[in-house]
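Engineer: What follows is the file model_13.cif, containing mmCIF, N, CA and C atoms:
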data_model
loop_
_atom_site.label_atom_id
_atom_site.label_comp_id
_atom_site.auth_asym_id
_atom_site.auth_seq_id
_atom_site.Cartn_x
_atom_site.Cartn_y
_atom_site.Cartn_z
N MET A 1 -11.98 -21.17 17.01
CA MET A 1 -10.84 -21.76 16.37
C MET A 1 -10.44 -20.88 15.18
N ILE A 2 -9.16 -20.58 15.09
CA ILE A 2 -8.64 -19.74 14.02
C ILE A 2 -8.00 -20.63 12.97
N TYR A 3 -8.40 -20.44 11.74
CA TYR A 3 -7.89 -21.25 10.64
C TYR A 3 -6.80 -20.49 9.90
N THR A 4 -6.01 -21.22 9.15
CA THR A 4 -4.91 -20.64 8.40
C THR A 4 -5.42 -19.62 7.37
N LEU A 5 -6.55 -19.89 6.78
CA LEU A 5 -7.10 -18.97 5.78
C LEU A 5 -7.42 -17.61 6.40
N GLU A 6 -7.91 -17.60 7.63
CA GLU A 6 -8.21 -16.34 8.31
C GLU A 6 -6.93 -15.56 8.61
N ILE A 7 -5.89 -16.26 9.01
CA ILE A 7 -4.62 -15.59 9.29
C ILE A 7 -4.03 -15.03 8.00
N LEU A 8 -4.09 -15.79 6.93
CA LEU A 8 -3.58 -15.30 5.64
C LEU A 8 -4.39 -14.11 5.14
N THR A 9 -5.70 -14.13 5.36
CA THR A 9 -6.54 -13.00 4.96
C THR A 9 -6.17 -11.75 5.76
N ALA A 10 -5.93 -11.92 7.05
CA ALA A 10 -5.54 -10.78 7.88
C ALA A 10 -4.20 -10.21 7.45
N ILE A 11 -3.26 -11.08 7.11
CA ILE A 11 -1.95 -10.61 6.64
C ILE A 11 -2.10 -9.90 5.29
N PHE A 12 -2.93 -10.42 4.41
CA PHE A 12 -3.18 -9.78 3.11
C PHE A 12 -3.81 -8.41 3.29
N VAL A 13 -4.78 -8.30 4.20
CA VAL A 13 -5.43 -7.01 4.45
C VAL A 13 -4.43 -6.02 5.03
N MET A 14 -3.58 -6.47 5.96
CA MET A 14 -2.58 -5.58 6.55
C MET A 14 -1.57 -5.14 5.50
N ALA A 15 -1.14 -6.05 4.66
CA ALA A 15 -0.21 -5.69 3.59
C ALA A 15 -0.84 -4.71 2.61
N THR A 16 -2.12 -4.88 2.33
CA THR A 16 -2.83 -3.94 1.46
C THR A 16 -2.87 -2.55 2.08
N GLY A 17 -3.12 -2.47 3.38
CA GLY A 17 -3.14 -1.19 4.07
C GLY A 17 -1.78 -0.51 4.05
N PHE A 18 -0.72 -1.27 4.32
CA PHE A 18 0.62 -0.69 4.27
C PHE A 18 0.99 -0.26 2.86
N ALA A 19 0.63 -1.06 1.87
CA ALA A 19 0.93 -0.70 0.48
C ALA A 19 0.18 0.56 0.08
N ALA A 20 -1.08 0.67 0.49
CA ALA A 20 -1.85 1.88 0.18
C ALA A 20 -1.25 3.09 0.88
N SER A 21 -0.76 2.89 2.09
CA SER A 21 -0.14 3.99 2.83
C SER A 21 1.14 4.46 2.14
N TRP A 22 1.98 3.51 1.75
CA TRP A 22 3.22 3.87 1.06
C TRP A 22 2.93 4.51 -0.29
N ALA A 23 2.02 3.95 -1.04
CA ALA A 23 1.70 4.52 -2.36
C ALA A 23 1.08 5.91 -2.21
N GLY A 24 0.21 6.07 -1.23
CA GLY A 24 -0.40 7.38 -1.01
C GLY A 24 0.63 8.43 -0.64
N LEU A 25 1.58 8.07 0.21
CA LEU A 25 2.62 9.02 0.59
C LEU A 25 3.50 9.38 -0.59
N GLU A 26 3.87 8.41 -1.39
CA GLU A 26 4.71 8.71 -2.56
C GLU A 26 3.96 9.57 -3.58
N LEU A 27 2.67 9.32 -3.75
CA LEU A 27 1.88 10.14 -4.68
C LEU A 27 1.78 11.58 -4.24
N VAL A 28 1.52 11.82 -2.95
CA VAL A 28 1.39 13.20 -2.51
C VAL A 28 2.74 13.89 -2.45
N ARG A 29 3.81 13.15 -2.16
CA ARG A 29 5.14 13.78 -2.22
C ARG A 29 5.50 14.11 -3.66
N TRP A 30 5.13 13.24 -4.59
CA TRP A 30 5.37 13.50 -6.00
C TRP A 30 4.59 14.73 -6.46
N ALA A 31 3.41 14.94 -5.88
CA ALA A 31 2.58 16.10 -6.24
C ALA A 31 3.06 17.38 -5.56
N GLY A 32 4.04 17.29 -4.66
CA GLY A 32 4.61 18.49 -4.06
C GLY A 32 4.26 18.71 -2.60
N TRP A 33 3.60 17.77 -1.95
CA TRP A 33 3.23 17.95 -0.55
C TRP A 33 4.45 17.76 0.34
N ARG A 34 4.57 18.63 1.33
CA ARG A 34 5.61 18.50 2.35
C ARG A 34 4.92 18.43 3.69
N GLU A 35 5.52 17.69 4.61
CA GLU A 35 4.93 17.56 5.93
C GLU A 35 4.91 18.92 6.62
N PRO A 36 3.77 19.29 7.21
CA PRO A 36 3.70 20.60 7.86
C PRO A 36 4.56 20.64 9.12
N ALA A 37 4.97 21.85 9.48
CA ALA A 37 5.74 22.02 10.71
C ALA A 37 4.85 21.73 11.90
N MET A 38 5.47 21.39 13.01
CA MET A 38 4.73 20.99 14.20
C MET A 38 3.77 22.10 14.65
N GLY A 39 2.48 21.79 14.64
CA GLY A 39 1.48 22.72 15.14
C GLY A 39 1.14 23.87 14.20
N ARG A 40 1.66 23.84 12.99
CA ARG A 40 1.41 24.95 12.06
C ARG A 40 0.83 24.44 10.76
N ILE A 41 -0.47 24.28 10.71
CA ILE A 41 -1.14 24.00 9.45
C ILE A 41 -1.84 25.28 9.05
N SER A 42 -1.27 25.97 8.10
CA SER A 42 -1.86 27.23 7.67
C SER A 42 -2.90 26.94 6.60
N GLY A 43 -3.87 27.80 6.53
CA GLY A 43 -4.92 27.63 5.55
C GLY A 43 -6.28 27.54 6.22
N GLY A 44 -7.28 27.44 5.41
CA GLY A 44 -8.64 27.39 5.91
C GLY A 44 -9.06 26.00 6.32
N PRO A 45 -10.35 25.84 6.55
CA PRO A 45 -10.85 24.54 6.99
C PRO A 45 -10.72 23.45 5.93
N VAL A 46 -10.72 23.82 4.67
CA VAL A 46 -10.55 22.82 3.61
C VAL A 46 -9.14 22.24 3.67
N ARG A 47 -8.15 23.10 3.89
CA ARG A 47 -6.76 22.64 3.99
C ARG A 47 -6.58 21.73 5.20
N VAL A 48 -7.16 22.11 6.33
CA VAL A 48 -7.05 21.30 7.55
C VAL A 48 -7.74 19.95 7.34
N ALA A 49 -8.91 19.93 6.70
CA ALA A 49 -9.61 18.68 6.43
C ALA A 49 -8.80 17.80 5.47
N ALA A 50 -8.17 18.41 4.48
CA ALA A 50 -7.35 17.64 3.54
C ALA A 50 -6.14 17.04 4.24
N GLU A 51 -5.51 17.80 5.15
CA GLU A 51 -4.37 17.28 5.90
C GLU A 51 -4.79 16.14 6.82
N LEU A 52 -5.96 16.24 7.43
CA LEU A 52 -6.44 15.17 8.30
C LEU A 52 -6.76 13.90 7.50
N ALA A 53 -7.39 14.06 6.34
CA ALA A 53 -7.69 12.90 5.49
C ALA A 53 -6.40 12.24 5.00
N LEU A 54 -5.42 13.06 4.66
CA LEU A 54 -4.13 12.54 4.22
C LEU A 54 -3.43 11.80 5.35
N ALA A 55 -3.47 12.38 6.55
CA ALA A 55 -2.85 11.72 7.70
C ALA A 55 -3.54 10.41 8.03
N ALA A 56 -4.86 10.34 7.83
CA ALA A 56 -5.57 9.08 8.07
C ALA A 56 -5.15 8.01 7.07
N MET A 57 -4.83 8.41 5.86
CA MET A 57 -4.44 7.44 4.83
C MET A 57 -2.99 6.99 4.99
N ILE A 58 -2.08 7.93 5.24
CA ILE A 58 -0.66 7.59 5.28
C ILE A 58 -0.14 7.41 6.70
N GLY A 59 -1.03 7.38 7.67
CA GLY A 59 -0.64 7.28 9.06
C GLY A 59 0.20 6.08 9.43
N PRO A 60 -0.14 4.86 8.99
CA PRO A 60 0.68 3.70 9.39
C PRO A 60 2.13 3.81 8.96
N ARG A 61 2.36 4.31 7.78
CA ARG A 61 3.73 4.45 7.29
C ARG A 61 4.48 5.51 8.09
N LEU A 62 3.83 6.64 8.35
CA LEU A 62 4.49 7.68 9.13
C LEU A 62 4.74 7.24 10.56
N LEU A 63 3.81 6.52 11.14
CA LEU A 63 3.97 6.04 12.51
C LEU A 63 5.14 5.07 12.61
N LEU A 64 5.26 4.15 11.68
CA LEU A 64 6.38 3.21 11.70
C LEU A 64 7.72 3.91 11.42
N ALA A 65 7.75 4.77 10.43
CA ALA A 65 9.01 5.43 10.07
C ALA A 65 9.49 6.35 11.18
N ASN A 66 8.59 7.16 11.73
CA ASN A 66 8.99 8.08 12.80
C ASN A 66 9.32 7.32 14.08
N GLY A 67 8.56 6.27 14.38
CA GLY A 67 8.85 5.47 15.56
C GLY A 67 10.20 4.77 15.45
N PHE A 68 10.50 4.22 14.28
CA PHE A 68 11.79 3.55 14.09
C PHE A 68 12.94 4.54 14.20
N ARG A 69 12.76 5.72 13.59
CA ARG A 69 13.82 6.73 13.66
C ARG A 69 14.04 7.17 15.11
N ASN A 70 12.96 7.38 15.86
CA ASN A 70 13.10 7.79 17.25
C ASN A 70 13.66 6.66 18.12
N TRP A 71 13.35 5.40 17.80
CA TRP A 71 13.93 4.28 18.53
C TRP A 71 15.43 4.18 18.27
N ARG A 72 15.84 4.38 17.03
CA ARG A 72 17.27 4.35 16.70
C ARG A 72 18.04 5.47 17.37
N ASN A 73 17.38 6.63 17.55
CA ASN A 73 18.03 7.77 18.21
C ASN A 73 17.94 7.69 19.73
N GLY A 74 17.27 6.68 20.26
CA GLY A 74 17.19 6.51 21.70
C GLY A 74 16.10 7.32 22.38
N MET A 75 15.20 7.90 21.62
CA MET A 75 14.13 8.72 22.20
C MET A 75 12.90 7.89 22.55
N VAL A 76 12.81 6.66 22.02
CA VAL A 76 11.68 5.76 22.27
C VAL A 76 12.26 4.42 22.70
N SER A 77 11.70 3.84 23.75
CA SER A 77 12.18 2.54 24.21
C SER A 77 11.66 1.43 23.29
N LEU A 78 12.26 0.26 23.39
CA LEU A 78 11.86 -0.87 22.55
C LEU A 78 10.42 -1.32 22.83
N PRO A 79 9.97 -1.41 24.10
CA PRO A 79 8.56 -1.78 24.32
C PRO A 79 7.58 -0.76 23.74
N LEU A 80 7.93 0.52 23.82
CA LEU A 80 7.05 1.53 23.23
C LEU A 80 7.03 1.43 21.71
N PHE A 81 8.18 1.13 21.12
CA PHE A 81 8.21 0.94 19.67
C PHE A 81 7.39 -0.28 19.26
N ALA A 82 7.40 -1.34 20.09
CA ALA A 82 6.57 -2.51 19.79
C ALA A 82 5.09 -2.14 19.83
N VAL A 83 4.70 -1.30 20.77
CA VAL A 83 3.31 -0.84 20.83
C VAL A 83 2.99 0.00 19.60
N LEU A 84 3.91 0.87 19.20
CA LEU A 84 3.70 1.67 17.98
C LEU A 84 3.55 0.79 16.75
N ALA A 85 4.34 -0.28 16.67
CA ALA A 85 4.24 -1.19 15.53
C ALA A 85 2.90 -1.92 15.53
N LEU A 86 2.41 -2.30 16.71
CA LEU A 86 1.10 -2.95 16.79
C LEU A 86 -0.03 -1.99 16.40
N VAL A 87 0.08 -0.75 16.85
CA VAL A 87 -0.93 0.25 16.46
C VAL A 87 -0.89 0.49 14.96
N ALA A 88 0.31 0.58 14.39
CA ALA A 88 0.44 0.78 12.94
C ALA A 88 -0.13 -0.43 12.19
N ALA A 89 0.08 -1.63 12.71
CA ALA A 89 -0.47 -2.83 12.06
C ALA A 89 -2.00 -2.81 12.10
N GLY A 90 -2.57 -2.47 13.24
CA GLY A 90 -4.02 -2.38 13.34
C GLY A 90 -4.59 -1.29 12.46
N TRP A 91 -3.91 -0.16 12.42
CA TRP A 91 -4.34 0.96 11.58
C TRP A 91 -4.29 0.56 10.11
N SER A 92 -3.23 -0.14 9.72
CA SER A 92 -3.13 -0.54 8.31
C SER A 92 -4.19 -1.59 7.98
N MET A 93 -4.57 -2.42 8.96
CA MET A 93 -5.65 -3.37 8.70
C MET A 93 -6.96 -2.63 8.44
N CYS A 94 -7.22 -1.60 9.22
CA CYS A 94 -8.45 -0.82 9.02
C CYS A 94 -8.44 -0.14 7.65
N SER A 95 -7.34 0.48 7.29
CA SER A 95 -7.30 1.13 5.97
C SER A 95 -7.25 0.10 4.85
N GLY A 96 -6.66 -1.06 5.10
CA GLY A 96 -6.65 -2.12 4.09
C GLY A 96 -8.05 -2.64 3.81
N VAL A 97 -8.86 -2.75 4.86
CA VAL A 97 -10.25 -3.17 4.66
C VAL A 97 -10.99 -2.14 3.81
N LEU A 98 -10.77 -0.86 4.08
CA LEU A 98 -11.43 0.18 3.28
C LEU A 98 -10.98 0.14 1.82
N VAL A 99 -9.69 -0.04 1.60
CA VAL A 99 -9.18 -0.09 0.23
C VAL A 99 -9.74 -1.30 -0.52
N LEU A 100 -9.76 -2.45 0.14
CA LEU A 100 -10.31 -3.64 -0.51
C LEU A 100 -11.81 -3.53 -0.74
N GLN A 101 -12.53 -2.92 0.19
CA GLN A 101 -13.97 -2.71 -0.01
C GLN A 101 -14.22 -1.80 -1.20
N MET A 102 -13.43 -0.73 -1.34
CA MET A 102 -13.58 0.15 -2.49
C MET A 102 -13.25 -0.58 -3.80
N ALA A 103 -12.23 -1.44 -3.75
CA ALA A 103 -11.86 -2.20 -4.95
C ALA A 103 -12.96 -3.18 -5.34
N PHE A 104 -13.54 -3.88 -4.36
CA PHE A 104 -14.61 -4.82 -4.67
C PHE A 104 -15.88 -4.09 -5.10
N ALA A 105 -16.17 -2.96 -4.49
CA ALA A 105 -17.37 -2.21 -4.84
C ALA A 105 -17.26 -1.59 -6.23
N SER A 106 -16.04 -1.35 -6.69
CA SER A 106 -15.87 -0.74 -8.01
C SER A 106 -16.21 -1.71 -9.14
N GLY A 107 -16.27 -2.99 -8.83
CA GLY A 107 -16.56 -3.97 -9.87
C GLY A 107 -15.33 -4.45 -10.60
N PHE A 108 -14.16 -4.05 -10.15
CA PHE A 108 -12.91 -4.43 -10.82
C PHE A 108 -12.70 -5.93 -10.79
N PHE A 109 -13.18 -6.61 -9.74
CA PHE A 109 -12.95 -8.04 -9.59
C PHE A 109 -14.11 -8.89 -10.13
N LEU A 110 -15.01 -8.29 -10.87
CA LEU A 110 -16.16 -9.02 -11.39
C LEU A 110 -15.95 -9.58 -12.80
N ALA A 111 -14.79 -9.36 -13.35
CA ALA A 111 -14.53 -9.81 -14.73
C ALA A 111 -14.43 -11.25 -14.80
#
Just give me the structure as structure tokens.

Structural biologist:
Amino acid sequence: MIYTLEILTAIFVMATGFAASWAGLELVRWAGWREPAMGRISGGPVRVAAELALAAMIGPRLLLANGFRNWRNGMVSLPLFAVLALVAAGWSMCSGVLVLQMAFASGFFLA
């Protein structure tokens, strides 16, 4: 049996993941990061690892934004966009759990 509190917790976790994704993207854009060209990540293994970690953090936002843009341009069908939105929601839930775990582990909520 699923209770209302569990549904609200899931929505809160998903919103936290999306908020972290949006904030992370704005912070790195503010710091001067630009999206790399398709298939061209220049630099050493540290740069590639940093790009992968960044993509893991801001992935839900990029997936939704690019999927919506491609759906509006007719390159993605509506059922495929719905699948992309579900994947982005699940991804944001996973990153939201990590963000909330880090916040609780930091002791910020112990006051």

Engineer: Report, in Å with one decimal, the straight-line distance from CA of Ile11 in chain A to CA of Arg61 in chain A.

Structural biologist: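 Calculated distance between CA of Ile11 in chain A and CA of Arg61 in chain A is 16.1 Å.
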
Engineer: Can you give me, as a VMD selection string, the residues this file yields under the PyMOL selection byres ((chain A and resi 16-32) around 7)?

Structural biologist: chain A and resid 11 to 15 33 to 34 57 to 61 91 to 97

Engineer: Based on the backbone DSSP call, show me all residues of range 16-97 of chain A assigned alpha helix (DSSP H), as number ranges by chain.

Structural biologist: A: 16-30, 45-72, 78-97

Engineer: One decimal, Å: what's the distance from CA of Ala89 in chain A over to atom N of Arg69 in chain A, could you say?

Structural biologist: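 Here the two named atoms are 15.8 Å from each other.
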
Engineer: Tell me, in Å to one decimal, how far atom C of Met1 in chain A is from CA of Met102 in chain A.

Structural biologist: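 One can read the atom C of Met1 in chain A to CA of Met102 in chain A distance as 27.6 Å.
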
Engineer: Would you mind exporting range 55-69 of chain A with all heavy atoms, as a short mmCIF file (atom, residue, chain, number, x, y, z; two decimals), in the first residue's frame?

Structural biologist:
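Writing the result to result13.cif gives the following:
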data_model
loop_
_atom_site.label_atom_id
_atom_site.label_comp_id
_atom_site.auth_asym_id
_atom_site.auth_seq_id
_atom_site.Cartn_x
_atom_site.Cartn_y
_atom_site.Cartn_z
N ALA A 55 28.26 15.72 -16.45
CA ALA A 55 27.10 15.19 -17.17
C ALA A 55 26.21 14.36 -16.26
O ALA A 55 24.99 14.37 -16.39
CB ALA A 55 27.57 14.36 -18.36
N ALA A 56 26.81 13.65 -15.31
CA ALA A 56 26.00 12.88 -14.36
C ALA A 56 25.18 13.79 -13.46
O ALA A 56 24.06 13.45 -13.08
CB ALA A 56 26.91 11.98 -13.52
N MET A 57 25.70 14.95 -13.14
CA MET A 57 25.00 15.87 -12.25
C MET A 57 23.91 16.65 -13.00
O MET A 57 22.80 16.81 -12.49
CB MET A 57 26.00 16.84 -11.61
CG MET A 57 25.41 17.80 -10.65
SD MET A 57 24.68 16.90 -9.28
CE MET A 57 23.84 18.21 -8.47
N ILE A 58 24.22 17.15 -14.19
CA ILE A 58 23.28 18.01 -14.90
C ILE A 58 22.50 17.26 -15.97
O ILE A 58 21.77 17.87 -16.74
CB ILE A 58 23.99 19.23 -15.51
CG1 ILE A 58 24.99 18.81 -16.56
CG2 ILE A 58 24.63 20.07 -14.44
CD1 ILE A 58 25.63 19.96 -17.29
N GLY A 59 22.61 15.95 -15.99
CA GLY A 59 21.96 15.15 -17.01
C GLY A 59 20.46 15.29 -17.11
O GLY A 59 19.93 15.40 -18.22
N PRO A 60 19.70 15.27 -16.00
CA PRO A 60 18.24 15.39 -16.14
C PRO A 60 17.79 16.67 -16.82
O PRO A 60 16.90 16.65 -17.67
CB PRO A 60 17.75 15.36 -14.69
CG PRO A 60 18.80 14.67 -13.93
CD PRO A 60 20.09 15.01 -14.62
N ARG A 61 18.43 17.76 -16.52
CA ARG A 61 18.07 19.03 -17.14
C ARG A 61 18.40 19.02 -18.62
O ARG A 61 17.60 19.43 -19.45
CB ARG A 61 18.79 20.17 -16.44
CG ARG A 61 18.26 21.53 -16.80
CD ARG A 61 19.11 22.15 -17.86
NE ARG A 61 18.63 23.48 -18.20
CZ ARG A 61 18.64 23.93 -19.43
NH1 ARG A 61 19.06 23.20 -20.41
NH2 ARG A 61 18.21 25.13 -19.69
N LEU A 62 19.58 18.53 -18.97
CA LEU A 62 19.95 18.47 -20.38
C LEU A 62 19.06 17.52 -21.16
O LEU A 62 18.69 17.79 -22.30
CB LEU A 62 21.42 18.06 -20.51
CG LEU A 62 22.45 19.07 -20.02
CD1 LEU A 62 23.85 18.51 -20.17
CD2 LEU A 62 22.32 20.38 -20.77
N LEU A 63 18.71 16.39 -20.56
CA LEU A 63 17.86 15.42 -21.22
C LEU A 63 16.48 16.01 -21.49
O LEU A 63 15.94 15.86 -22.60
CB LEU A 63 17.74 14.16 -20.37
CG LEU A 63 17.05 12.97 -21.00
CD1 LEU A 63 17.82 12.50 -22.23
CD2 LEU A 63 16.96 11.85 -19.99
N LEU A 64 15.90 16.69 -20.53
CA LEU A 64 14.59 17.30 -20.74
C LEU A 64 14.65 18.45 -21.74
O LEU A 64 13.79 18.55 -22.62
CB LEU A 64 14.04 17.83 -19.41
CG LEU A 64 13.22 16.87 -18.59
CD1 LEU A 64 12.69 17.57 -17.35
CD2 LEU A 64 12.09 16.29 -19.36
N ALA A 65 15.64 19.31 -21.62
CA ALA A 65 15.73 20.47 -22.51
C ALA A 65 15.98 20.04 -23.95
O ALA A 65 15.31 20.52 -24.88
CB ALA A 65 16.83 21.41 -22.04
N ASN A 66 16.93 19.13 -24.16
CA ASN A 66 17.22 18.68 -25.52
C ASN A 66 16.07 17.85 -26.09
O ASN A 66 15.75 17.96 -27.28
CB ASN A 66 18.52 17.89 -25.54
CG ASN A 66 19.72 18.76 -25.28
OD1 ASN A 66 19.69 19.95 -25.52
ND2 ASN A 66 20.77 18.16 -24.77
N GLY A 67 15.45 17.02 -25.26
CA GLY A 67 14.31 16.24 -25.73
C GLY A 67 13.14 17.12 -26.11
O GLY A 67 12.48 16.88 -27.13
N PHE A 68 12.86 18.15 -25.31
CA PHE A 68 11.76 19.06 -25.63
C PHE A 68 12.04 19.83 -26.91
O PHE A 68 11.16 19.98 -27.75
CB PHE A 68 11.53 20.02 -24.46
CG PHE A 68 10.34 20.91 -24.67
CD1 PHE A 68 9.06 20.40 -24.59
CD2 PHE A 68 10.50 22.25 -24.94
CE1 PHE A 68 7.96 21.21 -24.79
CE2 PHE A 68 9.41 23.07 -25.13
CZ PHE A 68 8.13 22.55 -25.06
N ARG A 69 13.29 20.29 -27.05
CA ARG A 69 13.64 21.03 -28.27
C ARG A 69 13.51 20.13 -29.50
O ARG A 69 12.97 20.54 -30.53
CB ARG A 69 15.06 21.59 -28.16
CG ARG A 69 15.45 22.42 -29.37
CD ARG A 69 16.82 23.05 -29.25
NE ARG A 69 17.85 22.03 -29.12
CZ ARG A 69 18.66 21.92 -28.09
NH1 ARG A 69 18.57 22.76 -27.08
NH2 ARG A 69 19.58 20.98 -28.05
#
